[in-house]
Structures are given as structure tokens and as C-alpha cells.
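Enquirer: Sharing a structure below in C-alpha cells format, with a few things to ask.
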Amino acid sequence: IKPNHTTVAMGLGSESYKSKSQLGSKRSHRNLPSKNEFRKFVGISVMGISVFLGVVAFGLMGTGISILERSMDVQAEVELLNDLPLVTISWTILFLGVAAIVTCIAGFWGGRHQKRFYLTIFLFFLFTIMLVQLCMGAFLFTYETTGVLDSIVRDRWFEEGIEARQLRVDYQNFYECCGWSDPFDSRASGYNTPCPIASPTACRDETLDWLGENYTPAAIFAISFALIQLVAVLATVMLLMKGKNHDHDDWIPW
């Protein structure tokens, strides 16, 4: 029986193709990083993200401390602004900064030791802090408006009596201003509020300027930090999901 040369050639070609495919597969497998190498890369990346966010969180905490001192002065000296939650907002900013620092420590620890438990804490609390910061930043911007200040101060400003006049005097002395919407609107009969300042500014405008100088930067800082946190959360999740698909589900232990 004569051998079928065509069949033999096809068999040899198939074996050659299989050997080349296996060789290519081995080479591509060798080019892929091992599980331990990728875990190390993810750990270093999370550590870097945590350090960067921690530094920014210290800035947020410092901002909270700074405006807390000023808002407590306002609360003590300007009773007409006590309905404006300046102290509460300042404490919130300070607390968010501290919480972000603690969260970044957990993220750094989880990245260094490749512990899924700490990385989960890092992601959960970082995302929660981010949402609170966005809401607080938007809240601060709404308070720096003429309508909000009028709703809080105007009615009490134009009350008559000795006690009401003293409240206006305290307000004017603290902000070095006169009147509410106009420098002369508190000198009319029934209010009789003295104003020794030459060429004064209306107290409403002066208050808006003070809020803009102290709380607008805090609001911008909080919103900007929240956006950075969002990017960090997405980057960390992508790294973890990439690592999970890289080998098997328990590539990072609890």
C-alpha cells in the first residue's frame, strides 16, 4: 500500500502549526507579569494614591481649623448670624479632613500588605467622604447669596428697641460696616443706630465679602478634592478588577 503523500503533508503541517501555536502561547505567557509581580504593582499604586490623597487631606483639615477659629469669633461677637451654621460647617470640614487621613492610612496599609479588607475600607469610606464633600461644597455656595442672608438677618436687623440696636452695633463693629442693605438705612427714626465709620459699606455686602473670602475657597477646595477622590476610587477599582481577572478570585487575600 502506497502512503498518501497529501495526508502525510497535512499531518506534518498540522503538527508544525500546533508546535508554533504552543511556542507562541508560551512566549506570550512569559511576557505576562506573574501574580506576585502584579500584586506588588497594585500595592505600590494604591500606596502612592493614598499618600497623595493624605497630603491633600491634611490641607482640608487645615482649612477646617482655620475657618473654625474665624466662625467661632463670628458666633461669639455677631448674634444676628447665629442662625447661619458657620461653626457646624467648619467642624464638618475639619472632620472630613481627619476622616480622609485615616482612610488613606488604611489604604496605604492595605496596599503595602495586599490586604483586601483594608482596601475595601479605603474604597468605601473614600467614596462616602467624596459624596459628603460634594454636597457640602454645593451647600456653601448656596449660602453666599443675598437672598439667604436677607432671610436670616434682615427681619431681626430692623427690629426696634435697645437690645435690637445693640445687636446692630455689635454687627457693625465686627465687620466695620453700617446699615444692612444701605449704609444709612439703620439711622432712621426708630432704629437710631450710630455709625462712626467714614464712607462705610453696607453690612450685607461686607458679610458677603467675608463669606467669599473664607468659605468660597473652602467650597472650591472640597469639591476639587472630591473630584480627585473620584478619580482615585475609579483607578483603584480598575487596578483591583484587573488583578482579579489576571489570575483568580483570591489573588489578594483578606
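Residue numbering restarts at 1 for every chain of the C-alpha cells, chains are lettered A, B, ... in their displayed order, and ligands are numbered from 1 as they appear.
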As a PyMOL selection string, please: the residues near Gly43 (chain A) (cut-off 8 Å, only C-alpha atoms, same-chain neighbours under 3 positions excluded).
Expert: chain A and resi 39-40+46-47+110-114
Enquirer: Enumerate, as a VMD selection string, the complete set of residues in region 104-198 of chain A that a backbone-based DSSP assignment places in helix (DSSP H, G or I).
Expert: chain A and resid 104 to 113 116 to 143 146 to 157 162 to 175
Enquirer: Could those selected residues go to a file with C-alpha atoms, as a PDB file, in the first residue's frame?
Expert:
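The resulting selection00.pdb:
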```pdb
ATOM      1  CA  CYS A 104      -5.697  56.990  53.436  1.00  0.00           C
ATOM      2  CA  ILE A 105      -3.762  55.268  56.216  1.00  0.00           C
ATOM      3  CA  ALA A 106      -5.996  52.213  55.751  1.00  0.00           C
ATOM      4  CA  GLY A 107      -5.415  52.370  52.003  1.00  0.00           C
ATOM      5  CA  PHE A 108      -1.653  52.638  52.458  1.00  0.00           C
ATOM      6  CA  TRP A 109      -1.638  49.687  54.855  1.00  0.00           C
ATOM      7  CA  GLY A 110      -3.786  47.603  52.521  1.00  0.00           C
ATOM      8  CA  GLY A 111      -1.573  48.434  49.558  1.00  0.00           C
ATOM      9  CA  ARG A 112       1.604  47.636  51.427  1.00  0.00           C
ATOM     10  CA  HIS A 113       0.419  44.279  52.758  1.00  0.00           C
ATOM     11  CA  ARG A 116      -8.377  43.161  50.609  1.00  0.00           C
ATOM     12  CA  PHE A 117     -10.078  44.076  53.901  1.00  0.00           C
ATOM     13  CA  TYR A 118      -8.177  47.369  54.231  1.00  0.00           C
ATOM     14  CA  LEU A 119      -8.529  48.136  50.537  1.00  0.00           C
ATOM     15  CA  THR A 120     -12.298  47.648  50.835  1.00  0.00           C
ATOM     16  CA  ILE A 121     -12.410  50.033  53.804  1.00  0.00           C
ATOM     17  CA  PHE A 122     -10.313  52.503  51.816  1.00  0.00           C
ATOM     18  CA  LEU A 123     -12.651  52.469  48.825  1.00  0.00           C
ATOM     19  CA  PHE A 124     -15.897  52.546  50.812  1.00  0.00           C
ATOM     20  CA  PHE A 125     -15.002  55.429  53.109  1.00  0.00           C
ATOM     21  CA  LEU A 126     -13.207  57.377  50.403  1.00  0.00           C
ATOM     22  CA  PHE A 127     -16.309  57.221  48.232  1.00  0.00           C
ATOM     23  CA  THR A 128     -18.529  58.238  51.180  1.00  0.00           C
ATOM     24  CA  ILE A 129     -16.288  61.186  52.074  1.00  0.00           C
ATOM     25  CA  MET A 130     -16.303  62.246  48.434  1.00  0.00           C
ATOM     26  CA  LEU A 131     -20.113  62.395  48.348  1.00  0.00           C
ATOM     27  CA  VAL A 132     -20.279  64.393  51.597  1.00  0.00           C
ATOM     28  CA  GLN A 133     -17.701  66.868  50.288  1.00  0.00           C
ATOM     29  CA  LEU A 134     -19.625  67.435  47.068  1.00  0.00           C
ATOM     30  CA  CYS A 135     -22.844  68.097  48.992  1.00  0.00           C
ATOM     31  CA  MET A 136     -21.117  70.408  51.452  1.00  0.00           C
ATOM     32  CA  GLY A 137     -19.399  72.380  48.705  1.00  0.00           C
ATOM     33  CA  ALA A 138     -22.702  72.930  46.900  1.00  0.00           C
ATOM     34  CA  PHE A 139     -24.306  73.879  50.232  1.00  0.00           C
ATOM     35  CA  LEU A 140     -21.652  76.528  50.886  1.00  0.00           C
ATOM     36  CA  PHE A 141     -22.187  78.135  47.505  1.00  0.00           C
ATOM     37  CA  THR A 142     -25.913  78.482  48.183  1.00  0.00           C
ATOM     38  CA  TYR A 143     -25.266  80.349  51.439  1.00  0.00           C
ATOM     39  CA  THR A 146     -28.094  87.968  49.071  1.00  0.00           C
ATOM     40  CA  GLY A 147     -31.402  86.119  49.377  1.00  0.00           C
ATOM     41  CA  VAL A 148     -30.129  83.706  52.012  1.00  0.00           C
ATOM     42  CA  LEU A 149     -28.568  86.464  54.112  1.00  0.00           C
ATOM     43  CA  ASP A 150     -31.747  88.552  53.908  1.00  0.00           C
ATOM     44  CA  SER A 151     -33.850  85.609  55.056  1.00  0.00           C
ATOM     45  CA  ILE A 152     -31.594  85.086  58.081  1.00  0.00           C
ATOM     46  CA  VAL A 153     -30.684  88.620  59.162  1.00  0.00           C
ATOM     47  CA  ARG A 154     -32.952  91.276  57.622  1.00  0.00           C
ATOM     48  CA  ASP A 155     -36.059  90.867  59.789  1.00  0.00           C
ATOM     49  CA  ARG A 156     -34.067  90.820  63.016  1.00  0.00           C
ATOM     50  CA  TRP A 157     -31.898  93.706  61.839  1.00  0.00           C
ATOM     51  CA  ILE A 162     -32.465  98.942  72.800  1.00  0.00           C
ATOM     52  CA  GLU A 163     -31.499  95.277  72.562  1.00  0.00           C
ATOM     53  CA  ALA A 164     -32.011  95.169  68.781  1.00  0.00           C
ATOM     54  CA  ARG A 165     -29.947  98.347  68.378  1.00  0.00           C
ATOM     55  CA  GLN A 166     -27.105  96.800  70.384  1.00  0.00           C
ATOM     56  CA  LEU A 167     -27.151  93.765  68.112  1.00  0.00           C
ATOM     57  CA  ARG A 168     -26.771  96.075  65.113  1.00  0.00           C
ATOM     58  CA  VAL A 169     -23.933  97.946  66.814  1.00  0.00           C
ATOM     59  CA  ASP A 170     -22.104  94.674  67.534  1.00  0.00           C
ATOM     60  CA  TYR A 171     -22.556  93.598  63.933  1.00  0.00           C
ATOM     61  CA  GLN A 172     -21.298  96.929  62.588  1.00  0.00           C
ATOM     62  CA  ASN A 173     -18.297  96.970  64.913  1.00  0.00           C
ATOM     63  CA  PHE A 174     -17.246  93.435  63.959  1.00  0.00           C
ATOM     64  CA  TYR A 175     -17.455  93.926  60.190  1.00  0.00           C
TER      65      TYR A 175
END
```
Enquirer: Just the number, please: distance in Å from CA of Asp209 (chain A) to CA of Gly59 (chain A), one decimal.
Expert: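 Straight-line distance from CA of Asp209 (chain A) to CA of Gly59 (chain A) works out to 22.9 Å.
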Enquirer: Which residues of region 71-144 of chain A sit at most 12 Å from region 179-203 of chain A, using only C-alpha atoms? Give each one's shortest atom pair and distance in Å (one decimal place), in chain and ascending residue order, as JSON lines.
Expert:
```
{"residue": "A:Val78", "atom": "CA", "partner": "A:Cys203", "partner_atom": "CA", "distance": 11.7}
{"residue": "A:Leu80", "atom": "CA", "partner": "A:Cys203", "partner_atom": "CA", "distance": 11.5}
{"residue": "A:Leu81", "atom": "CA", "partner": "A:Cys203", "partner_atom": "CA", "distance": 11.7}
```
Enquirer: Write out as a Markdown table the residues of region 93-167 of chain A that have any atom within 12 Å of an atom of region 64-69 of chain A, one row each with the nearest atom pair and its distance in Å to one decimal, counting only C-alpha atoms, sorted by chain and then rising number.
Expert:
```
| residue | atom | partner | partner_atom | distance |
| --- | --- | --- | --- | --- |
| A:Ile93 | CA | A:Gly64 | CA | 4.9 |
| A:Leu94 | CA | A:Gly64 | CA | 4.3 |
| A:Phe95 | CA | A:Gly64 | CA | 8.0 |
| A:Leu96 | CA | A:Gly64 | CA | 8.8 |
| A:Gly97 | CA | A:Gly64 | CA | 7.8 |
| A:Val98 | CA | A:Gly64 | CA | 9.9 |
```
Enquirer: Those residues with all heavy atoms, as a PDB file, in the first residue's frame please?
Expert:
```pdb
ATOM      1  N   ILE A  93     -15.910  70.313  57.861  1.00  0.00           N
ATOM      2  CA  ILE A  93     -14.723  70.323  57.008  1.00  0.00           C
ATOM      3  C   ILE A  93     -13.539  69.705  57.749  1.00  0.00           C
ATOM      4  O   ILE A  93     -12.783  68.897  57.185  1.00  0.00           O
ATOM      5  CB  ILE A  93     -14.401  71.760  56.565  1.00  0.00           C
ATOM      6  CG1 ILE A  93     -15.520  72.307  55.672  1.00  0.00           C
ATOM      7  CG2 ILE A  93     -13.060  71.811  55.835  1.00  0.00           C
ATOM      8  CD1 ILE A  93     -15.366  73.763  55.309  1.00  0.00           C
ATOM      9  N   LEU A  94     -13.379  70.085  59.013  1.00  0.00           N
ATOM     10  CA  LEU A  94     -12.295  69.525  59.816  1.00  0.00           C
ATOM     11  C   LEU A  94     -12.441  68.007  59.963  1.00  0.00           C
ATOM     12  O   LEU A  94     -11.462  67.252  59.801  1.00  0.00           O
ATOM     13  CB  LEU A  94     -12.285  70.194  61.188  1.00  0.00           C
ATOM     14  CG  LEU A  94     -11.292  69.662  62.238  1.00  0.00           C
ATOM     15  CD1 LEU A  94      -9.863  69.752  61.719  1.00  0.00           C
ATOM     16  CD2 LEU A  94     -11.438  70.437  63.536  1.00  0.00           C
ATOM     17  N   PHE A  95     -13.655  67.554  60.246  1.00  0.00           N
ATOM     18  CA  PHE A  95     -13.893  66.125  60.412  1.00  0.00           C
ATOM     19  C   PHE A  95     -13.632  65.369  59.111  1.00  0.00           C
ATOM     20  O   PHE A  95     -13.062  64.268  59.123  1.00  0.00           O
ATOM     21  CB  PHE A  95     -15.331  65.888  60.875  1.00  0.00           C
ATOM     22  CG  PHE A  95     -15.732  64.440  60.892  1.00  0.00           C
ATOM     23  CD1 PHE A  95     -15.316  63.596  61.903  1.00  0.00           C
ATOM     24  CD2 PHE A  95     -16.527  63.917  59.871  1.00  0.00           C
ATOM     25  CE1 PHE A  95     -15.675  62.251  61.915  1.00  0.00           C
ATOM     26  CE2 PHE A  95     -16.893  62.585  59.868  1.00  0.00           C
ATOM     27  CZ  PHE A  95     -16.467  61.755  60.900  1.00  0.00           C
ATOM     28  N   LEU A  96     -14.047  65.930  57.986  1.00  0.00           N
ATOM     29  CA  LEU A  96     -13.809  65.266  56.695  1.00  0.00           C
ATOM     30  C   LEU A  96     -12.317  65.123  56.418  1.00  0.00           C
ATOM     31  O   LEU A  96     -11.866  64.108  55.879  1.00  0.00           O
ATOM     32  CB  LEU A  96     -14.486  66.053  55.575  1.00  0.00           C
ATOM     33  CG  LEU A  96     -16.017  65.972  55.511  1.00  0.00           C
ATOM     34  CD1 LEU A  96     -16.547  66.929  54.458  1.00  0.00           C
ATOM     35  CD2 LEU A  96     -16.470  64.550  55.216  1.00  0.00           C
ATOM     36  N   GLY A  97     -11.544  66.156  56.780  1.00  0.00           N
ATOM     37  CA  GLY A  97     -10.103  66.068  56.599  1.00  0.00           C
ATOM     38  C   GLY A  97      -9.487  64.957  57.432  1.00  0.00           C
ATOM     39  O   GLY A  97      -8.672  64.165  56.934  1.00  0.00           O
ATOM     40  N   VAL A  98      -9.908  64.873  58.713  1.00  0.00           N
ATOM     41  CA  VAL A  98      -9.390  63.828  59.596  1.00  0.00           C
ATOM     42  C   VAL A  98      -9.811  62.444  59.091  1.00  0.00           C
ATOM     43  O   VAL A  98      -9.010  61.498  59.062  1.00  0.00           O
ATOM     44  CB  VAL A  98      -9.870  64.054  61.038  1.00  0.00           C
ATOM     45  CG1 VAL A  98      -9.470  62.888  61.932  1.00  0.00           C
ATOM     46  CG2 VAL A  98      -9.304  65.355  61.587  1.00  0.00           C
TER      47      VAL A  98
END
```
Enquirer: When you count only C-alpha atoms, which of these residues is closest to Thr63 (chain A): A:Ile89, A:Ala100, A:Ala218, A:Val51?
Expert: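 Looking at the shortest contact to Thr63 (chain A), the residue is A:Ala218.
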